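Asker: For reference, the file structure.cif (mmCIF, C-alpha atoms) is included below:
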```cif
data_query
loop_
_atom_site.label_atom_id
_atom_site.label_comp_id
_atom_site.auth_asym_id
_atom_site.auth_seq_id
_atom_site.Cartn_x
_atom_site.Cartn_y
_atom_site.Cartn_z
CA MET A 1 77.70 101.94 138.47
CA LYS A 2 80.47 103.52 136.41
CA LYS A 3 82.87 105.63 138.45
CA PRO A 4 83.21 109.28 137.36
CA ARG A 5 86.47 110.18 135.63
CA THR A 6 88.64 112.94 137.05
CA ASP A 7 88.42 116.20 135.09
CA LEU A 8 92.00 116.92 133.98
CA ARG A 9 91.02 120.58 133.48
CA ASN A 10 90.87 120.88 137.25
CA PRO A 11 93.30 123.67 138.33
CA ILE A 12 95.03 121.36 140.83
CA PHE A 13 96.81 119.77 137.84
CA HIS A 14 98.29 123.00 136.43
CA ASP A 15 98.14 125.67 139.16
CA ASP A 16 100.53 125.36 142.12
CA ASP A 17 98.35 127.41 144.48
CA ALA A 18 95.32 125.23 143.75
CA ALA A 19 97.47 122.10 144.13
CA ARG A 20 98.74 123.34 147.50
CA ALA A 21 95.19 124.05 148.70
CA HIS A 22 94.17 120.55 147.56
CA LEU A 23 97.06 118.94 149.45
CA GLU A 24 96.24 120.92 152.59
CA THR A 25 92.67 119.62 152.41
CA VAL A 26 93.90 116.03 152.03
CA LEU A 27 96.74 116.10 154.58
CA TRP A 28 95.17 118.54 157.04
CA PRO A 29 91.42 117.79 156.99
CA HIS A 30 90.98 119.57 160.35
CA GLY A 31 93.35 122.47 159.71
CA PRO A 32 97.14 122.96 159.68
CA VAL A 33 99.16 120.69 161.98
CA CYS A 34 102.79 121.26 162.94
CA PRO A 35 104.73 118.22 161.64
CA ARG A 36 107.33 118.58 164.41
CA CYS A 37 105.30 118.92 167.62
CA GLY A 38 101.75 118.13 166.42
CA VAL A 39 99.99 121.29 167.64
CA MET A 40 97.20 122.91 165.62
CA ASP A 41 94.35 125.50 165.73
CA ASP A 42 95.26 128.79 167.43
CA ARG A 43 98.90 127.75 167.94
CA ILE A 44 99.49 127.98 164.17
CA THR A 45 99.79 131.23 162.20
CA LYS A 46 100.03 131.64 158.43
CA LEU A 47 102.94 133.78 157.32
CA ALA A 48 102.38 136.40 154.67
CA GLY A 49 104.53 138.96 152.92
CA LYS A 50 106.45 139.57 149.75
CA SER A 51 109.51 137.69 151.04
CA THR A 52 107.57 134.65 152.22
CA ARG A 53 106.80 131.66 150.03
CA PRO A 54 103.12 130.84 149.59
CA GLY A 55 101.72 128.23 151.97
CA VAL A 56 104.18 128.75 154.86
CA TYR A 57 102.92 128.49 158.44
CA LYS A 58 104.65 128.98 161.79
CA CYS A 59 104.16 127.01 164.99
CA LYS A 60 104.01 129.16 168.16
CA ASP A 61 105.21 126.26 170.31
CA CYS A 62 108.34 125.04 168.52
CA ARG A 63 108.70 128.37 166.62
CA LYS A 64 109.54 126.59 163.37
CA PRO A 65 108.11 127.41 159.93
CA PHE A 66 106.56 124.62 157.87
CA SER A 67 104.38 123.90 154.84
CA VAL A 68 102.12 121.05 153.83
CA THR A 69 105.03 119.15 152.25
CA VAL A 70 107.21 119.04 155.41
CA GLY A 71 107.36 115.53 156.85
CA THR A 72 106.18 113.90 153.62
CA VAL A 73 107.83 112.39 150.55
CA MET A 74 107.47 115.81 148.87
CA GLU A 75 109.68 117.65 151.36
CA ARG A 76 112.46 119.72 149.78
CA SER A 77 111.42 118.75 146.27
CA HIS A 78 111.91 121.38 143.56
CA ILE A 79 109.21 119.79 141.40
CA PRO A 80 106.06 122.01 141.28
CA LEU A 81 103.20 120.77 143.46
CA SER A 82 100.81 120.68 140.49
CA LYS A 83 103.10 118.11 138.86
CA TRP A 84 103.17 116.05 142.06
CA VAL A 85 99.37 116.01 142.08
CA MET A 86 99.18 115.10 138.39
CA ALA A 87 101.77 112.33 138.75
CA ALA A 88 99.88 110.85 141.71
CA HIS A 89 96.69 110.82 139.63
CA LEU A 90 98.47 109.08 136.73
CA MET A 91 99.89 106.45 139.08
CA ALA A 92 96.52 105.94 140.72
CA ALA A 93 94.64 105.68 137.41
CA SER A 94 97.07 103.44 135.50
CA LYS A 95 96.15 99.83 136.16
CA LYS A 96 99.42 98.49 134.75
CA GLY A 97 101.59 101.36 135.93
CA PHE A 98 102.96 104.52 134.37
CA SER A 99 106.67 104.62 133.62
CA ALA A 100 109.08 107.43 134.46
CA HIS A 101 109.88 107.80 130.74
CA GLU A 102 106.20 108.37 129.98
CA LEU A 103 105.98 110.94 132.78
CA HIS A 104 109.17 112.61 131.56
CA ARG A 105 107.67 113.08 128.09
CA ALA A 106 104.13 113.96 129.18
CA MET A 107 104.96 116.55 131.85
CA ASP A 108 108.12 118.22 130.57
CA LEU A 109 110.21 116.84 133.44
CA SER A 110 113.73 115.49 133.25
CA TYR A 111 113.85 111.70 133.36
CA GLU A 112 115.75 111.92 136.66
CA GLY A 113 113.02 114.16 138.11
CA ALA A 114 110.27 111.81 136.95
CA TRP A 115 112.12 108.81 138.39
CA PHE A 116 112.64 110.67 141.68
CA LEU A 117 108.95 111.60 141.86
CA PHE A 118 107.53 108.15 141.13
CA HIS A 119 109.81 106.34 143.58
CA ARG A 120 108.75 108.67 146.36
CA LEU A 121 105.10 108.11 145.55
CA ARG A 122 105.77 104.35 145.66
CA GLU A 123 107.36 104.83 149.07
CA ALA A 124 104.16 106.58 150.20
CA ALA A 125 102.07 103.73 148.78
CA ASP A 126 103.72 101.09 151.00
CA ASP A 127 101.20 100.35 153.76
CA LYS A 128 102.32 96.86 154.85
CA LEU A 129 102.92 97.90 158.45
CA GLU A 130 99.90 100.19 158.80
CA THR A 131 97.29 97.62 157.75
CA GLY A 132 98.11 94.91 160.28
CA PRO A 133 98.05 91.12 159.76
CA LEU A 134 95.67 89.50 157.27
CA GLY A 135 92.96 86.91 157.80
CA GLY A 136 91.73 85.83 161.22
CA ASN A 137 88.41 84.42 162.46
CA GLY A 138 88.61 81.63 159.90
CA GLY A 139 89.12 84.06 157.01
CA THR A 140 90.95 82.97 153.86
CA VAL A 141 94.38 84.11 152.73
CA GLU A 142 95.81 82.90 149.42
CA VAL A 143 99.57 82.39 149.30
CA ASP A 144 101.80 82.00 146.25
CA GLU A 145 105.22 82.82 144.83
CA ALA A 146 106.30 84.09 141.42
CA TYR A 147 109.54 84.91 139.64
CA ILE A 148 110.10 88.28 137.96
CA GLY A 149 112.59 88.97 135.19
CA GLY A 150 113.66 87.89 131.75
CA LYS A 151 115.07 84.54 130.71
CA GLU A 152 118.79 84.20 131.26
CA GLY A 153 119.25 82.95 127.71
CA ASN A 154 117.84 86.18 126.32
CA LYS A 155 120.21 88.41 128.30
CA HIS A 156 123.57 89.73 127.19
CA ALA A 157 126.38 87.55 128.50
CA SER A 158 127.62 90.40 130.73
CA LYS A 159 124.23 90.61 132.48
CA ARG A 160 123.66 86.93 133.13
CA LYS A 161 123.77 86.00 136.79
CA THR A 162 126.46 83.59 137.85
CA VAL A 163 125.06 83.17 141.37
CA ARG A 164 122.12 80.98 142.27
CA GLY A 165 118.84 82.80 142.89
CA GLY A 166 115.24 82.44 141.87
CA VAL A 167 114.47 80.44 138.75
CA LYS A 168 117.52 80.79 136.50
CA GLY A 169 118.37 84.22 137.88
CA LYS A 170 114.85 85.66 138.16
CA MET A 171 113.78 87.63 141.25
CA PRO A 172 111.51 85.72 143.69
CA VAL A 173 108.35 87.45 144.89
CA PHE A 174 106.02 86.18 147.61
CA ALA A 175 102.43 87.42 147.96
CA LEU A 176 99.58 87.16 150.46
CA VAL A 177 96.06 87.99 149.25
CA GLU A 178 93.17 88.09 151.69
CA ARG A 179 89.83 87.19 150.08
CA ASP A 180 87.89 90.48 149.74
CA GLY A 181 90.69 92.15 151.68
CA HIS A 182 94.25 93.39 151.46
CA THR A 183 97.21 92.29 149.36
CA LYS A 184 100.84 92.26 150.50
CA SER A 185 103.77 91.37 148.25
CA PHE A 186 107.41 90.89 149.20
CA HIS A 187 110.68 90.49 147.34
CA VAL A 188 112.58 87.64 148.99
CA ALA A 189 116.09 86.28 148.52
CA ARG A 190 114.96 82.65 148.28
CA VAL A 191 111.66 80.80 148.37
CA ASN A 192 112.24 78.59 151.38
CA TRP A 193 111.01 78.05 154.91
CA ARG A 194 113.67 80.30 156.43
CA THR A 195 112.68 83.38 154.37
CA LEU A 196 108.92 82.87 154.14
CA ARG A 197 108.01 81.86 157.68
CA PRO A 198 108.90 85.25 159.30
CA ILE A 199 106.66 86.99 156.73
CA MET A 200 103.79 84.59 157.37
CA VAL A 201 104.04 84.88 161.16
CA LYS A 202 104.14 88.69 161.03
CA HIS A 203 101.50 89.34 158.39
CA VAL A 204 98.94 86.51 158.75
CA ARG A 205 96.82 85.78 161.82
CA ARG A 206 97.07 82.27 163.27
CA ASP A 207 93.29 81.57 163.03
CA THR A 208 93.39 81.81 159.22
CA HIS A 209 92.54 79.34 156.45
CA LEU A 210 95.51 79.24 154.06
CA MET A 211 95.06 78.33 150.42
CA THR A 212 98.07 77.43 148.30
CA ASP A 213 99.13 75.33 145.35
CA GLU A 214 100.85 71.95 145.74
CA ALA A 215 104.40 73.34 146.28
CA GLN A 216 106.20 71.25 148.89
CA ILE A 217 107.14 74.23 151.06
CA TYR A 218 103.57 75.18 152.04
CA PRO A 219 102.50 72.25 154.29
CA ALA A 220 105.39 73.05 156.66
CA LEU A 221 104.52 76.77 156.63
CA ALA A 222 100.85 76.05 157.24
CA ARG A 223 101.41 74.18 160.52
CA ASP A 224 101.17 77.44 162.47
CA PHE A 225 97.73 78.26 161.08
CA ALA A 226 94.18 77.03 161.65
CA LYS A 227 93.61 75.28 158.31
CA HIS A 228 95.36 74.60 155.03
CA SER A 229 93.87 73.67 151.66
CA ALA A 230 95.70 73.22 148.38
CA VAL A 231 94.98 72.69 144.70
CA SER A 232 97.21 70.63 142.42
CA HIS A 233 98.07 72.53 139.26
CA LYS A 234 100.16 69.59 138.05
CA ALA A 235 96.96 67.53 138.00
CA GLU A 236 95.21 70.42 136.19
CA GLU A 237 93.15 71.18 139.28
CA TYR A 238 92.59 74.93 139.63
CA VAL A 239 89.33 75.19 141.60
CA ARG A 240 87.79 72.77 144.08
CA ASP A 241 84.67 74.23 145.67
CA ASP A 242 86.00 77.46 147.23
CA VAL A 243 89.63 76.25 147.26
CA HIS A 244 91.78 78.08 144.72
CA THR A 245 94.65 80.56 144.37
CA ASN A 246 93.12 82.52 141.51
CA SER A 247 93.16 85.84 143.38
CA VAL A 248 96.88 85.84 144.12
CA GLU A 249 97.68 84.50 140.65
CA SER A 250 95.61 87.30 139.08
CA HIS A 251 97.60 89.82 141.13
CA PHE A 252 100.86 88.37 139.83
CA ALA A 253 99.52 88.32 136.26
CA LEU A 254 98.69 92.04 136.43
CA PHE A 255 102.09 92.86 137.91
CA LYS A 256 103.87 90.90 135.17
CA ARG A 257 101.86 92.71 132.51
CA GLY A 258 103.07 95.95 134.04
CA VAL A 259 106.67 94.74 133.94
CA TYR A 260 106.50 93.48 130.35
CA GLY A 261 104.37 96.24 128.85
CA THR A 262 105.15 99.38 130.88
CA PHE A 263 108.41 99.19 132.80
CA HIS A 264 110.23 96.53 130.68
CA HIS A 265 112.96 96.23 133.31
CA ILE A 266 112.88 96.56 137.10
CA SER A 267 116.01 96.79 139.20
CA GLU A 268 116.23 94.30 142.06
CA ALA A 269 117.11 97.19 144.39
CA HIS A 270 113.74 98.84 143.71
CA LEU A 271 111.49 95.83 143.09
CA HIS A 272 109.86 96.18 146.53
CA ARG A 273 108.65 99.69 145.65
CA TYR A 274 106.98 98.54 142.43
CA LEU A 275 105.32 95.77 144.42
CA ALA A 276 104.04 98.40 146.89
CA GLU A 277 102.55 100.41 144.00
CA PHE A 278 100.59 97.43 142.64
CA ASP A 279 99.54 96.39 146.14
CA PHE A 280 98.25 99.91 146.79
CA ARG A 281 96.07 99.91 143.68
CA ALA A 282 94.73 96.47 144.58
CA ASN A 283 93.94 97.60 148.13
CA THR A 284 92.11 100.72 146.92
CA ARG A 285 90.28 99.03 144.05
CA ASP A 286 86.87 100.23 145.30
CA MET A 287 87.92 103.90 145.09
CA SER A 288 87.69 106.25 142.13
CA ASP A 289 90.96 107.45 140.58
CA GLY A 290 90.68 110.80 142.36
CA GLU A 291 89.99 109.16 145.71
CA ARG A 292 92.90 106.78 145.20
CA ALA A 293 95.29 109.66 144.41
CA ALA A 294 94.10 111.49 147.54
CA ALA A 295 94.65 108.31 149.59
CA LEU A 296 98.17 108.10 148.18
CA PHE A 297 98.97 111.60 149.44
CA ALA A 298 97.27 110.92 152.77
CA SER A 299 99.65 107.98 153.28
CA ALA A 300 102.69 110.18 152.50
CA LYS A 301 102.75 111.73 155.97
CA GLY A 302 105.72 110.73 158.07
CA LYS A 303 107.57 109.10 155.17
CA ARG A 304 110.82 110.26 153.61
CA LEU A 305 113.05 108.58 151.05
CA LEU A 306 116.68 109.64 151.42
CA TYR A 307 119.45 107.92 149.50
CA ARG A 308 122.08 109.99 151.29
CA GLN A 309 121.71 110.88 154.95
CA PRO A 310 122.02 114.63 155.70
CA ASN A 311 125.03 115.76 157.72
#
```
In structure tokens, how does this file's structure come out?
Answerer:
Amino acid sequence: MKKPRTDLRNPIFHDDDAARAHLETVLWPHGPVCPRCGVMDDRITKLAGKSTRPGVYKCKDCRKPFSVTVGTVMERSHIPLSKWVMAAHLMAASKKGFSAHELHRAMDLSYEGAWFLFHRLREAADDKLETGPLGGNGGTVEVDEAYIGGKEGNKHASKRKTVRGGVKGKMPVFALVERDGHTKSFHVARVNWRTLRPIMVKHVRRDTHLMTDEAQIYPALARDFAKHSAVSHKAEEYVRDDVHTNSVESHFALFKRGVYGTFHHISEAHLHRYLAEFDFRANTRDMSDGERAAALFASAKGKRLLYRQPN
């Protein structure tokens, strides 16, 4: 069944009051909640008056004012809420990503504002800790690594890396994909036992069937887990019964298409946030675009992204 498309004429995309009401429904499904002390119901009053901003509430316990954006990635942002809602929908609906330059042109935002907005939505999308370890009960988790970035020979001499890392300077990425389940991707310094084992132990249950390619590192990593199967790509073996790594390779292929076709360049400092964005879309693949955008805002609670700590 074809999923219904979101109506872009919806007022939440161009009216700040409608966008605020939408966010309150998503973030406060049971009514306003104080982000500082957690009280709700009759301990919350809505402030009104000519000198009061729309959407401000006051907690009778901690006596602090707040709005729906406090305690989320949207806190203290000067970008209108309708643009936040629209940007979240574009991120949720764009299979290969939506760049900050595209958002800057489409929504009459400065490039810096669009970059700010998208990185905070990517911070909200990161659910690695909330979802718990993958696999278990004999379930299957596919494991693979990939290298992101352009060829060193194609770079300007001033941008070529002189230190060892990745494949000829590319950025190593390690991914875990649970069959019919969640995906988790990580930027790592090196692809070796020392860097990968802590990720495996933390994010994969011990009673899991691991599936990998023939890379020499995986048999040692798999000793802590119930079962290990591998395919040999060098021998042109890609599927053997139900043994394959096609799911994790497909995830990497989609991410690389986003890098080449949408973003063109990703800074190593922010690679983990782009990985979180693609993981989020993979993990919400059964949702409609509108549901996925709402889930993105729902995961924004309790997350802030500050590049400079307040005094």
Asker: Could you name the residues that touch A:Asp241 at 12 Å or less, counting all atoms listed in the file, but leaving out those on the same chain fewer than 4 positions away, as a PyMOL selection string?
Answerer: chain A and resi 229-231+237+245
Asker: Evaluated on this file, the PyMOL selection byres ((chain A and resi 20-23) around 8) picks out some residues - which ones are they, written as a count of residues only?
Answerer: 15
Asker: Just checking: using only C-alpha atoms, which residue out of A:Cys59, A:Leu134, A:Ala215, A:Ala125 ends up closest to A:Asp180?
Answerer: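 Of A:Cys59, A:Leu134, A:Ala215, A:Ala125, the one nearest A:Asp180, counting only C-alpha atoms, is A:Leu134.
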Asker: Could you pull the residues within 10 Å of stretch 282-289 of chain A, counting only C-alpha atoms, minus those fewer than 5 positions along the same chain, as a list in words?
Answerer: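 So, after excluding close chain neighbours, the residues are Lys2, Lys3, Pro4, Arg5, Thr6, Ala88, His89, Leu90, Met91, Ala92, Ala93, Ser94, Lys95, Asp127, Val177, Asp180, Gly181, His182, Thr183, Lys184, His251, Ala276, Glu277, Ala294, Ala295 and Leu296 of chain A.
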Asker: With C-alpha atoms retained, write the just-selected residues as a PDB file, in the coordinates of the input.
Answerer:
```pdb
ATOM      1  CA  LYS A   2      80.470 103.520 136.410  1.00  0.00           C
ATOM      2  CA  LYS A   3      82.870 105.630 138.450  1.00  0.00           C
ATOM      3  CA  PRO A   4      83.210 109.280 137.360  1.00  0.00           C
ATOM      4  CA  ARG A   5      86.470 110.180 135.630  1.00  0.00           C
ATOM      5  CA  THR A   6      88.640 112.940 137.050  1.00  0.00           C
ATOM      6  CA  ALA A  88      99.880 110.850 141.710  1.00  0.00           C
ATOM      7  CA  HIS A  89      96.690 110.820 139.630  1.00  0.00           C
ATOM      8  CA  LEU A  90      98.470 109.080 136.730  1.00  0.00           C
ATOM      9  CA  MET A  91      99.890 106.450 139.080  1.00  0.00           C
ATOM     10  CA  ALA A  92      96.520 105.940 140.720  1.00  0.00           C
ATOM     11  CA  ALA A  93      94.640 105.680 137.410  1.00  0.00           C
ATOM     12  CA  SER A  94      97.070 103.440 135.500  1.00  0.00           C
ATOM     13  CA  LYS A  95      96.150  99.830 136.160  1.00  0.00           C
ATOM     14  CA  ASP A 127     101.200 100.350 153.760  1.00  0.00           C
ATOM     15  CA  VAL A 177      96.060  87.990 149.250  1.00  0.00           C
ATOM     16  CA  ASP A 180      87.890  90.480 149.740  1.00  0.00           C
ATOM     17  CA  GLY A 181      90.690  92.150 151.680  1.00  0.00           C
ATOM     18  CA  HIS A 182      94.250  93.390 151.460  1.00  0.00           C
ATOM     19  CA  THR A 183      97.210  92.290 149.360  1.00  0.00           C
ATOM     20  CA  LYS A 184     100.840  92.260 150.500  1.00  0.00           C
ATOM     21  CA  HIS A 251      97.600  89.820 141.130  1.00  0.00           C
ATOM     22  CA  ALA A 276     104.040  98.400 146.890  1.00  0.00           C
ATOM     23  CA  GLU A 277     102.550 100.410 144.000  1.00  0.00           C
ATOM     24  CA  ALA A 294      94.100 111.490 147.540  1.00  0.00           C
ATOM     25  CA  ALA A 295      94.650 108.310 149.590  1.00  0.00           C
ATOM     26  CA  LEU A 296      98.170 108.100 148.180  1.00  0.00           C
TER      27      LEU A 296
END
```
Asker: For the provided coordinates, the residues matched by the PyMOL selection byres ((chain A and resi 44) around 9) should be stated as a ChimeraX atom specification.
Answerer: /A:32-34,39-43,45-46,57-61
